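For reference, query31.cif (mmCIF, C-alpha atoms, pLDDT in the B column; chains and numbers go by the auth columns):
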data_my_file
#
loop_
_atom_site.group_PDB
_atom_site.id
_atom_site.type_symbol
_atom_site.label_atom_id
_atom_site.label_comp_id
_atom_site.label_asym_id
_atom_site.label_seq_id
_atom_site.Cartn_x
_atom_site.Cartn_y
_atom_site.Cartn_z
_atom_site.B_iso_or_equiv
_atom_site.auth_seq_id
_atom_site.auth_asym_id
ATOM 1 C CA MET A 1 177.081 154.802 -193.756 61.00 1 S
ATOM 2 C CA LYS A 2 174.690 155.230 -190.841 70.00 2 S
ATOM 3 C CA ARG A 3 174.470 152.440 -188.284 75.00 3 S
ATOM 4 C CA ILE A 4 170.935 151.284 -187.259 73.00 4 S
ATOM 5 C CA GLN A 5 170.581 151.208 -183.493 78.00 5 S
ATOM 6 C CA GLY A 6 168.414 148.676 -181.651 75.00 6 S
ATOM 7 C CA PHE A 7 168.526 145.790 -179.218 77.00 7 S
ATOM 8 C CA THR A 8 170.614 142.795 -179.943 86.00 8 S
ATOM 9 C CA LEU A 9 169.254 139.305 -179.538 88.00 9 S
ATOM 10 C CA ILE A 10 171.350 138.790 -176.375 91.00 10 S
ATOM 11 C CA GLU A 11 169.889 141.925 -174.745 89.00 11 S
ATOM 12 C CA VAL A 12 166.312 140.811 -175.547 91.00 12 S
ATOM 13 C CA MET A 13 166.952 137.336 -174.139 93.00 13 S
ATOM 14 C CA ILE A 14 168.404 138.795 -170.922 94.00 14 S
ATOM 15 C CA ALA A 15 165.385 141.103 -170.557 93.00 15 S
ATOM 16 C CA ILE A 16 162.974 138.189 -171.068 95.00 16 S
ATOM 17 C CA PHE A 17 164.900 136.103 -168.506 95.00 17 S
ATOM 18 C CA ILE A 18 164.777 138.880 -165.887 95.00 18 S
ATOM 19 C CA PHE A 19 161.083 139.501 -166.530 94.00 19 S
ATOM 20 C CA SER A 20 160.182 135.800 -166.359 95.00 20 S
ATOM 21 C CA SER A 21 162.189 135.344 -163.126 94.00 21 S
ATOM 22 C CA GLY A 22 160.248 138.206 -161.561 93.00 22 S
ATOM 23 C CA MET A 23 156.943 136.766 -162.741 94.00 23 S
ATOM 24 C CA LEU A 24 157.782 133.333 -161.327 92.00 24 S
ATOM 25 C CA ALA A 25 158.560 134.903 -157.944 91.00 25 S
ATOM 26 C CA PHE A 26 155.293 136.849 -158.078 91.00 26 S
ATOM 27 C CA MET A 27 153.276 133.742 -158.970 91.00 27 S
ATOM 28 C CA ALA A 28 154.815 131.798 -156.069 89.00 28 S
ATOM 29 C CA TYR A 29 153.937 134.660 -153.713 90.00 29 S
ATOM 30 C CA HIS A 30 150.410 134.831 -155.130 89.00 30 S
ATOM 31 C CA ALA A 31 149.832 131.083 -154.632 85.00 31 S
ATOM 32 C CA ARG A 32 151.065 131.293 -151.025 87.00 32 S
ATOM 33 C CA ALA A 33 148.854 134.331 -150.373 89.00 33 S
ATOM 34 C CA ASN A 34 145.797 132.439 -151.671 84.00 34 S
ATOM 35 C CA THR A 35 146.584 129.524 -149.357 81.00 35 S
ATOM 36 C CA MET A 36 146.940 131.855 -146.384 85.00 36 S
ATOM 37 C CA ILE A 37 143.631 133.557 -147.220 85.00 37 S
ATOM 38 C CA PHE A 38 141.879 130.185 -147.484 79.00 38 S
ATOM 39 C CA ASP A 39 143.327 129.012 -144.155 81.00 39 S
ATOM 40 C CA ALA A 40 142.358 132.253 -142.421 84.00 40 S
ATOM 41 C CA GLU A 41 138.830 132.086 -143.820 82.00 41 S
ATOM 42 C CA SER A 42 138.458 128.442 -142.784 80.00 42 S
ATOM 43 C CA SER A 43 139.624 129.115 -139.237 84.00 43 S
ATOM 44 C CA GLN A 44 137.306 132.125 -139.009 86.00 44 S
ATOM 45 C CA ILE A 45 134.323 130.010 -140.110 82.00 45 S
ATOM 46 C CA ALA A 46 135.326 127.287 -137.631 84.00 46 S
ATOM 47 C CA HIS A 47 135.582 129.850 -134.843 88.00 47 S
ATOM 48 C CA SER A 48 132.125 131.205 -135.680 85.00 48 S
ATOM 49 C CA LEU A 49 130.628 127.714 -135.741 82.00 49 S
ATOM 50 C CA GLY A 50 132.225 126.922 -132.378 86.00 50 S
ATOM 51 C CA ILE A 51 130.984 130.144 -130.792 88.00 51 S
ATOM 52 C CA ASN A 52 127.516 129.479 -132.166 83.00 52 S
ATOM 53 C CA LEU A 53 127.426 125.971 -130.694 82.00 53 S
ATOM 54 C CA ALA A 54 128.675 127.263 -127.334 86.00 54 S
ATOM 55 C CA GLU A 55 125.887 129.860 -127.375 84.00 55 S
ATOM 56 C CA GLU A 56 123.359 127.139 -128.167 82.00 56 S
ATOM 57 C CA ILE A 57 124.550 125.237 -125.105 83.00 57 S
ATOM 58 C CA ASN A 58 124.479 128.381 -122.944 84.00 58 S
ATOM 59 C CA SER A 59 120.926 129.132 -124.037 82.00 59 S
ATOM 60 C CA MET A 60 119.623 125.675 -123.108 81.00 60 S
ATOM 61 C CA THR A 61 117.179 125.568 -120.233 81.00 61 S
ATOM 62 C CA PRO A 62 118.521 123.795 -117.135 82.00 62 S
ATOM 63 C CA GLU A 63 115.996 121.015 -117.659 82.00 63 S
ATOM 64 C CA ARG A 64 117.171 120.432 -121.257 82.00 64 S
ATOM 65 C CA PHE A 65 120.811 120.488 -120.176 82.00 65 S
ATOM 66 C CA ILE A 66 120.137 117.927 -117.430 81.00 66 S
ATOM 67 C CA GLU A 67 118.243 115.847 -119.981 81.00 67 S
ATOM 68 C CA LEU A 68 121.227 116.076 -122.361 81.00 68 S
ATOM 69 C CA CYS A 69 123.790 115.190 -119.699 81.00 69 S
ATOM 70 C CA ASP A 70 121.995 112.643 -117.553 78.00 70 S
ATOM 71 C CA LYS A 71 118.965 111.288 -119.360 74.00 71 S
ATOM 72 C CA SER A 72 120.384 110.798 -122.838 76.00 72 S
ATOM 73 C CA ASN A 73 122.479 107.884 -123.985 78.00 73 S
ATOM 74 C CA ILE A 74 125.765 109.827 -124.074 79.00 74 S
ATOM 75 C CA THR A 75 128.874 108.533 -122.362 81.00 75 S
ATOM 76 C CA TYR A 76 130.993 111.063 -120.516 82.00 76 S
ATOM 77 C CA ASP A 77 134.406 111.853 -122.029 81.00 77 S
ATOM 78 C CA SER A 78 133.225 110.605 -125.431 83.00 78 S
ATOM 79 C CA ILE A 79 133.028 112.854 -128.459 83.00 79 S
ATOM 80 C CA TYR A 80 129.638 113.284 -130.131 80.00 80 S
ATOM 81 C CA GLN A 81 128.819 115.180 -133.277 77.00 81 S
ATOM 82 C CA ASP A 82 126.265 117.853 -132.533 72.00 82 S
ATOM 83 C CA ALA A 83 123.864 116.608 -135.206 68.00 83 S
ATOM 84 C CA ASN A 84 123.438 113.419 -133.164 70.00 84 S
ATOM 85 C CA LEU A 85 122.381 115.538 -130.163 72.00 85 S
ATOM 86 C CA SER A 86 120.302 118.088 -132.091 69.00 86 S
ATOM 87 C CA VAL A 87 117.046 117.011 -130.451 69.00 87 S
ATOM 88 C CA TYR A 88 118.262 118.646 -127.213 70.00 88 S
ATOM 89 C CA PHE A 89 118.879 122.024 -128.815 68.00 89 S
ATOM 90 C CA ASN A 90 116.177 124.587 -129.658 59.00 90 S
ATOM 91 C CA GLN A 91 113.629 122.560 -127.723 57.00 91 S
ATOM 92 C CA GLY A 92 113.658 119.898 -130.436 50.00 92 S
ATOM 93 C CA GLY A 93 113.187 122.367 -133.283 53.00 93 S
ATOM 94 C CA PRO A 94 115.366 122.718 -136.375 53.00 94 S
ATOM 95 C CA PHE A 95 119.049 123.019 -135.544 55.00 95 S
ATOM 96 C CA VAL A 96 121.031 124.970 -138.132 53.00 96 S
ATOM 97 C CA VAL A 97 123.864 127.455 -137.834 47.00 97 S
ATOM 98 C CA GLY A 98 123.822 130.601 -139.932 49.00 98 S
ATOM 99 C CA PRO A 99 124.590 129.818 -143.582 52.00 99 S
ATOM 100 C CA PHE A 100 125.859 126.339 -142.594 57.00 100 S
ATOM 101 C CA ASP A 101 124.062 123.225 -141.438 55.00 101 S
ATOM 102 C CA ALA A 102 125.209 121.247 -138.393 50.00 102 S
ATOM 103 C CA TRP A 103 127.938 119.604 -140.502 52.00 103 S
ATOM 104 C CA GLY A 104 129.365 122.932 -141.673 54.00 104 S
ATOM 105 C CA ARG A 105 128.171 122.544 -145.259 57.00 105 S
ATOM 106 C CA PRO A 106 126.608 125.607 -146.857 58.00 106 S
ATOM 107 C CA LEU A 107 122.819 125.389 -146.793 58.00 107 S
ATOM 108 C CA GLY A 108 121.575 124.423 -150.231 60.00 108 S
ATOM 109 C CA GLY A 109 125.144 123.613 -151.267 57.00 109 S
ATOM 110 C CA ASP A 110 126.678 120.521 -152.737 57.00 110 S
ATOM 111 C CA PRO A 111 126.676 117.728 -150.097 54.00 111 S
ATOM 112 C CA SER A 112 129.866 116.276 -151.542 54.00 112 S
ATOM 113 C CA GLU A 113 131.815 119.471 -150.851 52.00 113 S
ATOM 114 C CA GLN A 114 135.383 118.612 -149.898 48.00 114 S
ATOM 115 C CA TYR A 115 135.883 121.095 -147.080 54.00 115 S
ATOM 116 C CA MET A 116 133.300 120.337 -144.421 69.00 116 S
ATOM 117 C CA PHE A 117 133.362 121.520 -140.832 75.00 117 S
ATOM 118 C CA TYR A 118 132.552 119.023 -138.096 77.00 118 S
ATOM 119 C CA ARG A 119 131.165 120.326 -134.806 80.00 119 S
ATOM 120 C CA MET A 120 131.531 118.004 -131.852 82.00 120 S
ATOM 121 C CA LEU A 121 130.877 118.014 -128.121 84.00 121 S
ATOM 122 C CA ARG A 122 132.590 116.310 -125.235 87.00 122 S
ATOM 123 C CA ILE A 123 130.860 116.469 -121.854 85.00 123 S
ATOM 124 C CA THR A 124 132.856 115.659 -118.729 85.00 124 S
ATOM 125 C CA THR A 125 131.902 115.587 -115.071 81.00 125 S
ATOM 126 C CA TYR A 126 133.655 117.677 -112.442 77.00 126 S
ATOM 127 C CA ASN A 127 134.818 114.485 -110.729 76.00 127 S
ATOM 128 C CA ASN A 128 136.615 113.342 -113.896 75.00 128 S
ATOM 129 C CA ILE A 129 138.292 116.719 -114.467 74.00 129 S
ATOM 130 C CA THR A 130 139.588 117.075 -110.920 77.00 130 S
ATOM 131 C CA ASP A 131 140.195 113.381 -110.223 74.00 131 S
ATOM 132 C CA SER A 132 138.024 113.722 -107.159 74.00 132 S
ATOM 133 C CA SER A 133 134.964 111.940 -105.904 73.00 133 S
ATOM 134 C CA TYR A 134 131.933 113.782 -104.597 71.00 134 S
ATOM 135 C CA ASP A 135 128.678 112.262 -103.452 73.00 135 S
ATOM 136 C CA ASN A 136 125.708 112.544 -105.770 68.00 136 S
ATOM 137 C CA ASN A 137 123.981 114.921 -103.331 72.00 137 S
ATOM 138 C CA THR A 138 126.656 117.637 -103.458 72.00 138 S
ATOM 139 C CA PRO A 139 126.625 120.607 -105.878 72.00 139 S
ATOM 140 C CA PHE A 140 129.990 119.516 -107.304 71.00 140 S
ATOM 141 C CA SER A 141 128.487 116.264 -108.531 71.00 141 S
ATOM 142 C CA ARG A 142 126.105 118.295 -110.771 75.00 142 S
ATOM 143 C CA LEU A 143 128.846 120.324 -112.486 82.00 143 S
ATOM 144 C CA ARG A 144 129.557 119.496 -116.115 84.00 144 S
ATOM 145 C CA HIS A 145 132.351 120.648 -118.408 84.00 145 S
ATOM 146 C CA VAL A 146 131.382 120.935 -122.085 86.00 146 S
ATOM 147 C CA GLU A 147 134.072 121.123 -124.764 87.00 147 S
ATOM 148 C CA VAL A 148 133.188 122.342 -128.243 87.00 148 S
ATOM 149 C CA ILE A 149 135.476 120.830 -130.878 86.00 149 S
ATOM 150 C CA ILE A 150 135.582 122.033 -134.489 85.00 150 S
ATOM 151 C CA SER A 151 137.400 120.022 -137.126 81.00 151 S
ATOM 152 C CA TRP A 152 137.889 120.550 -140.860 75.00 152 S
ATOM 153 C CA PRO A 153 140.170 119.209 -143.607 66.00 153 S
ATOM 154 C CA MET A 154 143.253 121.238 -144.354 65.00 154 S
ATOM 155 C CA ARG A 155 143.706 122.498 -147.896 65.00 155 S
ATOM 156 C CA GLY A 156 145.388 119.853 -149.981 62.00 156 S
ATOM 157 C CA PHE A 157 145.085 117.210 -147.254 59.00 157 S
ATOM 158 C CA GLY A 158 141.546 115.817 -147.534 53.00 158 S
ATOM 159 C CA SER A 159 141.836 113.492 -144.546 51.00 159 S
ATOM 160 C CA THR A 160 143.937 115.670 -142.230 49.00 160 S
ATOM 161 C CA LYS A 161 141.877 117.620 -139.738 53.00 161 S
ATOM 162 C CA CYS A 162 142.707 120.957 -138.133 54.00 162 S
#

Write the structure described by the file as structure tokens, please.
Amino acid sequence: MKRIQGFTLIEVMIAIFIFSSGMLAFMAYHARANTMIFDAESSQIAHSLGINLAEEINSMTPERFIELCDKSNITYDSIYQDANLSVYFNQGGPFVVGPFDAWGRPLGGDPSEQYMFYRMLRITTYNNITDSSYDNNTPFSRLRHVEVIISWPMRGFGSTKC
């Protein structure tokens, strides 16, 4: 009598176990890769928004910059969102950044989007940075240091900011 050859049930179960273990490892790698891509994309968008805001500040006329620093109601060393200071940019015209508005939301997008970018400014005087004191008539008293701060929620942590 001729014996029929084939896989036994044990061999099939071992093959399924090995295959499923490999697939689980691949799925874990795939999920981590998606997270890394999202984080890299978010930081790239934040970098672009920060560079854009710094360029907006660099392109201000000296009169507008003096008006922003000295004649507005800002307090030095305080953090202000750029939308609150938008009247000083673009000579009072519309203030938007590329495909994002001043809050980092896509233009025409859903305003309740979870991952929003916040652009902020902190303006400091030279005297505060160097812990020195110069008279108001010296050139050092006119120097200002402007920090551009970008913040956004991390993936999975809605209230934690990068």

Non-local contacts of S:Ala46 (9 Å; only C-alpha atoms; under 3 positions in same chain excluded) as a PDB file with C-alpha atoms, in the frame of the given file:
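As written to disk, out-v8.pdb reads:
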ATOM      1  CA  GLU S  41     138.830 132.086-143.820  1.00 82.00           C
ATOM      2  CA  SER S  42     138.458 128.442-142.784  1.00 80.00           C
ATOM      3  CA  SER S  43     139.624 129.115-139.237  1.00 84.00           C
ATOM      4  CA  LEU S  49     130.628 127.714-135.741  1.00 82.00           C
ATOM      5  CA  GLY S  50     132.225 126.922-132.378  1.00 86.00           C
ATOM      6  CA  ILE S  51     130.984 130.144-130.792  1.00 88.00           C
ATOM      7  CA  GLY S 104     129.365 122.932-141.673  1.00 54.00           C
ATOM      8  CA  PHE S 117     133.362 121.520-140.832  1.00 75.00           C
ATOM      9  CA  TYR S 118     132.552 119.023-138.096  1.00 77.00           C
ATOM     10  CA  ARG S 119     131.165 120.326-134.806  1.00 80.00           C
ATOM     11  CA  ILE S 150     135.582 122.033-134.489  1.00 85.00           C
ATOM     12  CA  SER S 151     137.400 120.022-137.126  1.00 81.00           C
ATOM     13  CA  TRP S 152     137.889 120.550-140.860  1.00 75.00           C
TER      14      TRP S 152
END

Please, what is the axis-aligned box for every listed atom of stretch 124-127 of chain S with 4 Å on each side, as centre and edge lengths in Å to one decimal, as JSON?
{"center_x": 133.4, "center_y": 116.1, "center_z": -114.7, "size_x": 10.9, "size_y": 11.2, "size_z": 16.0}

Can you find the residues with an atom no farther than 9 Å from (129.6, 117.0, -128.5), counting only C-alpha atoms, and report them as a list in words?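 Within 9 Å of (129.6, 117.0, -128.5), the protein and nucleic acid residues are Ser78, Ile79, Tyr80, Gln81, Asp82, Ala83, Asn84, Leu85, Arg119, Met120, Leu121, Arg122, Ile123, Val146, Glu147, Val148 and Ile149 of chain S.
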
In Å, with one decimal, what is the gap from atom CA of S:Leu68 to atom CA of S:Ile45?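 These two atoms are separated by 26.1 Å.
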
Could you name the residues that touch S:Ile129 at 10 Å or less, counting all atoms listed in the file, but leaving out those on the same chain fewer than 6 positions away, as a ChimeraX atom specification? /S:77,144-145

State, in Å with one decimal place, the distance from atom CA of S:Asn58 to atom CA of S:Tyr76.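 The value is 18.7 Å.
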
To one decimal place, how far is atom CA of S:Thr124 from atom CA of S:His47 in Å? 21.6 Å

Take the PyMOL selection byres ((chain S and resi 70) around 12), apply it to the structure above, and return the hits as a list in words. Pro62, Glu63, Arg64, Phe65, Ile66, Glu67, Leu68, Cys69, Lys71, Ser72, Asn73, Ile74, Thr75, Tyr76, Tyr88, Ile123, Thr124, Thr125, Ser141, Arg142, Leu143 and Arg144 of chain S

Residue subset to file, keeping C-alpha atoms, as a PDB file, in the coordinates of the input:
ATOM      1  CA  PRO S  62     118.521 123.795-117.135  1.00 82.00           C
ATOM      2  CA  GLU S  63     115.996 121.015-117.659  1.00 82.00           C
ATOM      3  CA  ARG S  64     117.171 120.432-121.257  1.00 82.00           C
ATOM      4  CA  PHE S  65     120.811 120.488-120.176  1.00 82.00           C
ATOM      5  CA  ILE S  66     120.137 117.927-117.430  1.00 81.00           C
ATOM      6  CA  GLU S  67     118.243 115.847-119.981  1.00 81.00           C
ATOM      7  CA  LEU S  68     121.227 116.076-122.361  1.00 81.00           C
ATOM      8  CA  CYS S  69     123.790 115.190-119.699  1.00 81.00           C
ATOM      9  CA  LYS S  71     118.965 111.288-119.360  1.00 74.00           C
ATOM     10  CA  SER S  72     120.384 110.798-122.838  1.00 76.00           C
ATOM     11  CA  ASN S  73     122.479 107.884-123.985  1.00 78.00           C
ATOM     12  CA  ILE S  74     125.765 109.827-124.074  1.00 79.00           C
ATOM     13  CA  THR S  75     128.874 108.533-122.362  1.00 81.00           C
ATOM     14  CA  TYR S  76     130.993 111.063-120.516  1.00 82.00           C
ATOM     15  CA  TYR S  88     118.262 118.646-127.213  1.00 70.00           C
ATOM     16  CA  ILE S 123     130.860 116.469-121.854  1.00 85.00           C
ATOM     17  CA  THR S 124     132.856 115.659-118.729  1.00 85.00           C
ATOM     18  CA  THR S 125     131.902 115.587-115.071  1.00 81.00           C
ATOM     19  CA  SER S 141     128.487 116.264-108.531  1.00 71.00           C
ATOM     20  CA  ARG S 142     126.105 118.295-110.771  1.00 75.00           C
ATOM     21  CA  LEU S 143     128.846 120.324-112.486  1.00 82.00           C
ATOM     22  CA  ARG S 144     129.557 119.496-116.115  1.00 84.00           C
TER      23      ARG S 144
END

Provide stretch 51-80 of chain S rebuilt to N, CA and C atoms, formatted as an mmCIF file, keeping the file's coordinate frame.
data_model
loop_
_atom_site.group_PDB
_atom_site.id
_atom_site.type_symbol
_atom_site.label_atom_id
_atom_site.label_comp_id
_atom_site.auth_asym_id
_atom_site.auth_seq_id
_atom_site.Cartn_x
_atom_site.Cartn_y
_atom_site.Cartn_z
ATOM 1 N N ILE S 51 131.645 129.158 -131.651
ATOM 2 C CA ILE S 51 130.984 130.144 -130.792
ATOM 3 C C ILE S 51 129.476 129.946 -130.837
ATOM 4 N N ASN S 52 128.953 129.675 -132.030
ATOM 5 C CA ASN S 52 127.516 129.479 -132.166
ATOM 6 C C ASN S 52 127.051 128.260 -131.381
ATOM 7 N N LEU S 53 127.804 127.174 -131.438
ATOM 8 C CA LEU S 53 127.426 125.971 -130.694
ATOM 9 C C LEU S 53 127.528 126.206 -129.190
ATOM 10 N N ALA S 54 128.558 126.942 -128.758
ATOM 11 C CA ALA S 54 128.675 127.263 -127.334
ATOM 12 C C ALA S 54 127.499 128.113 -126.878
ATOM 13 N N GLU S 55 127.050 129.046 -127.722
ATOM 14 C CA GLU S 55 125.887 129.860 -127.375
ATOM 15 C C GLU S 55 124.619 129.026 -127.331
ATOM 16 N N GLU S 56 124.516 128.046 -128.210
ATOM 17 C CA GLU S 56 123.359 127.139 -128.167
ATOM 18 C C GLU S 56 123.327 126.390 -126.837
ATOM 19 N N ILE S 57 124.484 125.956 -126.381
ATOM 20 C CA ILE S 57 124.550 125.237 -125.105
ATOM 21 C C ILE S 57 124.218 126.183 -123.955
ATOM 22 N N ASN S 58 124.760 127.405 -123.996
ATOM 23 C CA ASN S 58 124.479 128.381 -122.944
ATOM 24 C C ASN S 58 123.007 128.760 -122.888
ATOM 25 N N SER S 59 122.322 128.721 -124.013
ATOM 26 C CA SER S 59 120.926 129.132 -124.037
ATOM 27 C C SER S 59 119.962 127.999 -123.699
ATOM 28 N N MET S 60 120.495 126.800 -123.476
ATOM 29 C CA MET S 60 119.623 125.675 -123.108
ATOM 30 C C MET S 60 119.016 125.926 -121.733
ATOM 31 N N THR S 61 117.783 125.485 -121.556
ATOM 32 C CA THR S 61 117.179 125.568 -120.233
ATOM 33 C C THR S 61 117.869 124.550 -119.331
ATOM 34 N N PRO S 62 117.879 124.777 -118.027
ATOM 35 C CA PRO S 62 118.521 123.795 -117.135
ATOM 36 C C PRO S 62 117.925 122.393 -117.273
ATOM 37 N N GLU S 63 116.628 122.321 -117.500
ATOM 38 C CA GLU S 63 115.996 121.015 -117.659
ATOM 39 C C GLU S 63 116.517 120.295 -118.898
ATOM 40 N N ARG S 64 116.666 121.047 -120.021
ATOM 41 C CA ARG S 64 117.171 120.432 -121.257
ATOM 42 C C ARG S 64 118.637 120.021 -121.092
ATOM 43 N N PHE S 65 119.407 120.836 -120.379
ATOM 44 C CA PHE S 65 120.811 120.488 -120.176
ATOM 45 C C PHE S 65 120.932 119.239 -119.300
ATOM 46 N N ILE S 66 120.127 119.136 -118.265
ATOM 47 C CA ILE S 66 120.137 117.927 -117.430
ATOM 48 C C ILE S 66 119.699 116.726 -118.257
ATOM 49 N N GLU S 67 118.694 116.941 -119.112
ATOM 50 C CA GLU S 67 118.243 115.847 -119.981
ATOM 51 C C GLU S 67 119.362 115.417 -120.932
ATOM 52 N N LEU S 68 120.101 116.389 -121.473
ATOM 53 C CA LEU S 68 121.227 116.076 -122.361
ATOM 54 C C LEU S 68 122.310 115.313 -121.618
ATOM 55 N N CYS S 69 122.664 115.776 -120.427
ATOM 56 C CA CYS S 69 123.790 115.190 -119.699
ATOM 57 C C CYS S 69 123.442 113.866 -119.026
ATOM 58 N N ASP S 70 122.282 113.798 -118.403
ATOM 59 C CA ASP S 70 121.995 112.643 -117.553
ATOM 60 C C ASP S 70 120.973 111.673 -118.114
ATOM 61 N N LYS S 71 120.047 112.158 -118.918
ATOM 62 C CA LYS S 71 118.965 111.288 -119.360
ATOM 63 C C LYS S 71 119.117 110.821 -120.796
ATOM 64 N N SER S 72 120.153 111.266 -121.469
ATOM 65 C CA SER S 72 120.384 110.798 -122.838
ATOM 66 C C SER S 72 121.320 109.593 -122.783
ATOM 67 N N ASN S 73 121.617 109.066 -123.929
ATOM 68 C CA ASN S 73 122.479 107.884 -123.985
ATOM 69 C C ASN S 73 123.938 108.234 -124.230
ATOM 70 N N ILE S 74 124.367 109.457 -123.870
ATOM 71 C CA ILE S 74 125.765 109.827 -124.074
ATOM 72 C C ILE S 74 126.633 109.209 -122.988
ATOM 73 N N THR S 75 127.874 109.010 -123.304
ATOM 74 C CA THR S 75 128.874 108.533 -122.362
ATOM 75 C C THR S 75 129.824 109.689 -122.099
ATOM 76 N N TYR S 76 130.097 109.960 -120.852
ATOM 77 C CA TYR S 76 130.993 111.063 -120.516
ATOM 78 C C TYR S 76 132.386 110.799 -121.066
ATOM 79 N N ASP S 77 133.062 111.859 -121.433
ATOM 80 C CA ASP S 77 134.406 111.853 -122.029
ATOM 81 C C ASP S 77 134.428 111.271 -123.437
ATOM 82 N N SER S 78 133.283 111.044 -124.039
ATOM 83 C CA SER S 78 133.225 110.605 -125.431
ATOM 84 C C SER S 78 132.865 111.799 -126.301
ATOM 85 N N ILE S 79 133.279 111.748 -127.539
ATOM 86 C CA ILE S 79 133.028 112.854 -128.459
ATOM 87 C C ILE S 79 131.803 112.510 -129.310
ATOM 88 N N TYR S 80 130.863 113.455 -129.359
ATOM 89 C CA TYR S 80 129.638 113.284 -130.131
ATOM 90 C C TYR S 80 129.496 114.428 -131.110
#
